[in-house]
Amino acid sequence: MHVLKTLLAEVKEFKKDSILTPLFMLLEVAMEMIIPLMMASIIDEGVNRGDMHHIFVIGAYMILAALIGLWAGMRGGKYGARASAGFARNLR
């Protein structure tokens, strides 16, 4: 426990980045988990019933979810790199 406390003390000015990184990763994972559910909806309600409008609407939502996941992944990578590099700098 003492080691963990010592390491956490070195985060210092990178606390914001250290908190934002997992939040953006959670958003990315949530988007990646929603997309298969949307695909199932397209198959169950769109293809089986022949509802092209449903296919297009859910397809647009899938694209939006993919873009949000991409954005969240890029932000998470940026903040993660900044936090880890800063932590390594402070640790030295």
# chains A, B, ... in the order shown; residues from 1 in each chain; ligands from 1

call {"tool": "residues_around", "arguments": {"residues": "Pro22 of chain A", "least_positions_apart": "2", "cutoff": "12 Å", "atoms": "only C-alpha atoms", "output": "number ranges by chain"}}
result
A: 15-20, 24-29, 72-73, 75-80, 83

call {"tool": "write_last_selection", "arguments": {"atoms": "C-alpha atoms", "output": "PDB file, in the first residue's frame"}}
result
ATOM      1  CA  LYS A  15      -4.598  13.956 -12.499  1.00  0.00           C
ATOM      2  CA  LYS A  16      -7.056  15.303 -15.070  1.00  0.00           C
ATOM      3  CA  ASP A  17      -5.462  13.232 -17.836  1.00  0.00           C
ATOM      4  CA  SER A  18      -5.376  10.176 -15.577  1.00  0.00           C
ATOM      5  CA  ILE A  19      -9.106  10.493 -14.914  1.00  0.00           C
ATOM      6  CA  LEU A  20     -10.147  11.326 -18.491  1.00  0.00           C
ATOM      7  CA  PHE A  24     -12.942   7.972 -22.792  1.00  0.00           C
ATOM      8  CA  MET A  25     -12.046   4.293 -22.958  1.00  0.00           C
ATOM      9  CA  LEU A  26     -15.371   3.414 -21.323  1.00  0.00           C
ATOM     10  CA  LEU A  27     -17.191   5.539 -23.903  1.00  0.00           C
ATOM     11  CA  GLU A  28     -15.303   3.808 -26.709  1.00  0.00           C
ATOM     12  CA  VAL A  29     -16.126   0.352 -25.358  1.00  0.00           C
ATOM     13  CA  ALA A  72     -13.340   8.650 -27.821  1.00  0.00           C
ATOM     14  CA  GLY A  73     -10.504   6.267 -28.690  1.00  0.00           C
ATOM     15  CA  ARG A  75      -9.040  11.282 -27.018  1.00  0.00           C
ATOM     16  CA  GLY A  76      -8.329   8.385 -24.664  1.00  0.00           C
ATOM     17  CA  GLY A  77      -5.063   7.667 -26.457  1.00  0.00           C
ATOM     18  CA  LYS A  78      -4.039  11.308 -26.285  1.00  0.00           C
ATOM     19  CA  TYR A  79      -4.811  11.679 -22.589  1.00  0.00           C
ATOM     20  CA  GLY A  80      -3.314   8.276 -21.782  1.00  0.00           C
ATOM     21  CA  ALA A  83      -0.590  10.985 -18.389  1.00  0.00           C
TER      22      ALA A  83
END

call {"tool": "residues_around", "arguments": {"residues": "segment 64-68 of chain A", "least_positions_apart": "4", "cutoff": "10 Å", "atoms": "only C-alpha atoms", "output": "ChimeraX atom specification"}}
result
/A:27-28,30-35,38,58-60,72-74

call {"tool": "write_last_selection", "arguments": {"atoms": "N, CA, C and O atoms", "output": "PDB file, in the first residue's frame"}}
result
ATOM      1  N   LEU A  27     -16.305   5.076 -22.839  1.00  0.00           N
ATOM      2  CA  LEU A  27     -17.191   5.539 -23.903  1.00  0.00           C
ATOM      3  C   LEU A  27     -16.925   4.778 -25.192  1.00  0.00           C
ATOM      4  O   LEU A  27     -17.858   4.360 -25.885  1.00  0.00           O
ATOM      5  N   GLU A  28     -15.658   4.555 -25.502  1.00  0.00           N
ATOM      6  CA  GLU A  28     -15.303   3.808 -26.709  1.00  0.00           C
ATOM      7  C   GLU A  28     -15.845   2.373 -26.644  1.00  0.00           C
ATOM      8  O   GLU A  28     -16.446   1.879 -27.605  1.00  0.00           O
ATOM      9  N   ALA A  30     -18.323   1.279 -24.833  1.00  0.00           N
ATOM     10  CA  ALA A  30     -19.789   1.316 -24.883  1.00  0.00           C
ATOM     11  C   ALA A  30     -20.268   1.408 -26.332  1.00  0.00           C
ATOM     12  O   ALA A  30     -21.221   0.716 -26.719  1.00  0.00           O
ATOM     13  N   MET A  31     -19.613   2.234 -27.125  1.00  0.00           N
ATOM     14  CA  MET A  31     -20.010   2.359 -28.530  1.00  0.00           C
ATOM     15  C   MET A  31     -19.761   1.054 -29.284  1.00  0.00           C
ATOM     16  O   MET A  31     -20.564   0.647 -30.118  1.00  0.00           O
ATOM     17  N   GLU A  32     -18.665   0.396 -28.968  1.00  0.00           N
ATOM     18  CA  GLU A  32     -18.353  -0.869 -29.631  1.00  0.00           C
ATOM     19  C   GLU A  32     -19.318  -1.982 -29.205  1.00  0.00           C
ATOM     20  O   GLU A  32     -19.530  -2.932 -29.962  1.00  0.00           O
ATOM     21  N   MET A  33     -19.901  -1.862 -28.037  1.00  0.00           N
ATOM     22  CA  MET A  33     -20.864  -2.866 -27.587  1.00  0.00           C
ATOM     23  C   MET A  33     -22.266  -2.591 -28.136  1.00  0.00           C
ATOM     24  O   MET A  33     -23.066  -3.509 -28.280  1.00  0.00           O
ATOM     25  N   ILE A  34     -22.556  -1.346 -28.429  1.00  0.00           N
ATOM     26  CA  ILE A  34     -23.876  -0.974 -28.951  1.00  0.00           C
ATOM     27  C   ILE A  34     -24.017  -1.375 -30.424  1.00  0.00           C
ATOM     28  O   ILE A  34     -25.108  -1.764 -30.859  1.00  0.00           O
ATOM     29  N   ILE A  35     -22.941  -1.298 -31.173  1.00  0.00           N
ATOM     30  CA  ILE A  35     -23.010  -1.554 -32.611  1.00  0.00           C
ATOM     31  C   ILE A  35     -23.556  -2.958 -32.939  1.00  0.00           C
ATOM     32  O   ILE A  35     -24.419  -3.078 -33.813  1.00  0.00           O
ATOM     33  N   MET A  38     -27.266  -2.915 -32.588  1.00  0.00           N
ATOM     34  CA  MET A  38     -27.900  -2.211 -33.708  1.00  0.00           C
ATOM     35  C   MET A  38     -27.946  -3.108 -34.944  1.00  0.00           C
ATOM     36  O   MET A  38     -28.932  -3.112 -35.683  1.00  0.00           O
ATOM     37  N   ILE A  58     -31.206   2.994 -38.554  1.00  0.00           N
ATOM     38  CA  ILE A  58     -30.286   2.303 -37.642  1.00  0.00           C
ATOM     39  C   ILE A  58     -28.868   2.302 -38.224  1.00  0.00           C
ATOM     40  O   ILE A  58     -27.884   2.430 -37.479  1.00  0.00           O
ATOM     41  N   GLY A  59     -28.744   2.198 -39.535  1.00  0.00           N
ATOM     42  CA  GLY A  59     -27.424   2.294 -40.168  1.00  0.00           C
ATOM     43  C   GLY A  59     -26.774   3.634 -39.910  1.00  0.00           C
ATOM     44  O   GLY A  59     -25.567   3.724 -39.649  1.00  0.00           O
ATOM     45  N   ALA A  60     -27.564   4.711 -39.962  1.00  0.00           N
ATOM     46  CA  ALA A  60     -27.027   6.046 -39.656  1.00  0.00           C
ATOM     47  C   ALA A  60     -26.594   6.134 -38.195  1.00  0.00           C
ATOM     48  O   ALA A  60     -25.544   6.711 -37.884  1.00  0.00           O
ATOM     49  N   ALA A  72     -13.668   8.970 -29.210  1.00  0.00           N
ATOM     50  CA  ALA A  72     -13.340   8.650 -27.821  1.00  0.00           C
ATOM     51  C   ALA A  72     -12.019   7.883 -27.732  1.00  0.00           C
ATOM     52  O   ALA A  72     -11.226   8.115 -26.815  1.00  0.00           O
ATOM     53  N   GLY A  73     -11.766   7.001 -28.681  1.00  0.00           N
ATOM     54  CA  GLY A  73     -10.504   6.267 -28.690  1.00  0.00           C
ATOM     55  C   GLY A  73      -9.307   7.177 -28.916  1.00  0.00           C
ATOM     56  O   GLY A  73      -8.262   7.021 -28.285  1.00  0.00           O
ATOM     57  N   MET A  74      -9.476   8.140 -29.809  1.00  0.00           N
ATOM     58  CA  MET A  74      -8.379   9.093 -30.064  1.00  0.00           C
ATOM     59  C   MET A  74      -8.128   9.974 -28.847  1.00  0.00           C
ATOM     60  O   MET A  74      -6.976  10.216 -28.480  1.00  0.00           O
TER      61      MET A  74
END

call {"tool": "closest_residue", "arguments": {"among": "A:Ala40, A:Lys12, A:Val3, A:Asn48", "to": "Arg89 of chain A", "atoms": "only C-alpha atoms"}}
result
A:Lys12

call {"tool": "atom_distance", "arguments": {"atom1": "atom CA of Thr21 of chain A", "atom2": "atom CA of Lys5 of chain A"}}
result
20.1 Å

call {"tool": "residues_around", "arguments": {"residues": "Phe14 of chain A", "least_positions_apart": "6", "cutoff": "8 Å", "atoms": "only C-alpha atoms", "output": "list in words"}}
result
Arg82, Ala83, Gly86 and Phe87 of chain A

call {"tool": "closest_residue", "arguments": {"among": "A:Ala9, A:Val47, A:Met62, A:Met39", "to": "Asn90 of chain A", "atoms": "only C-alpha atoms"}}
result
A:Ala9

call {"tool": "atom_distance", "arguments": {"atom1": "atom CA of Trp71 of chain A", "atom2": "atom CA of Gly46 of chain A"}}
result
28.0 Å

call {"tool": "atom_distance", "arguments": {"atom1": "atom CA of His53 of chain A", "atom2": "atom CA of Leu70 of chain A"}}
result
25.7 Å

call {"tool": "select_by_dssp", "arguments": {"residues": "chain A", "states": "alpha helix (DSSP H)", "output": "PyMOL selection string"}}
result
chain A and resi 2-9+15-41+52-91
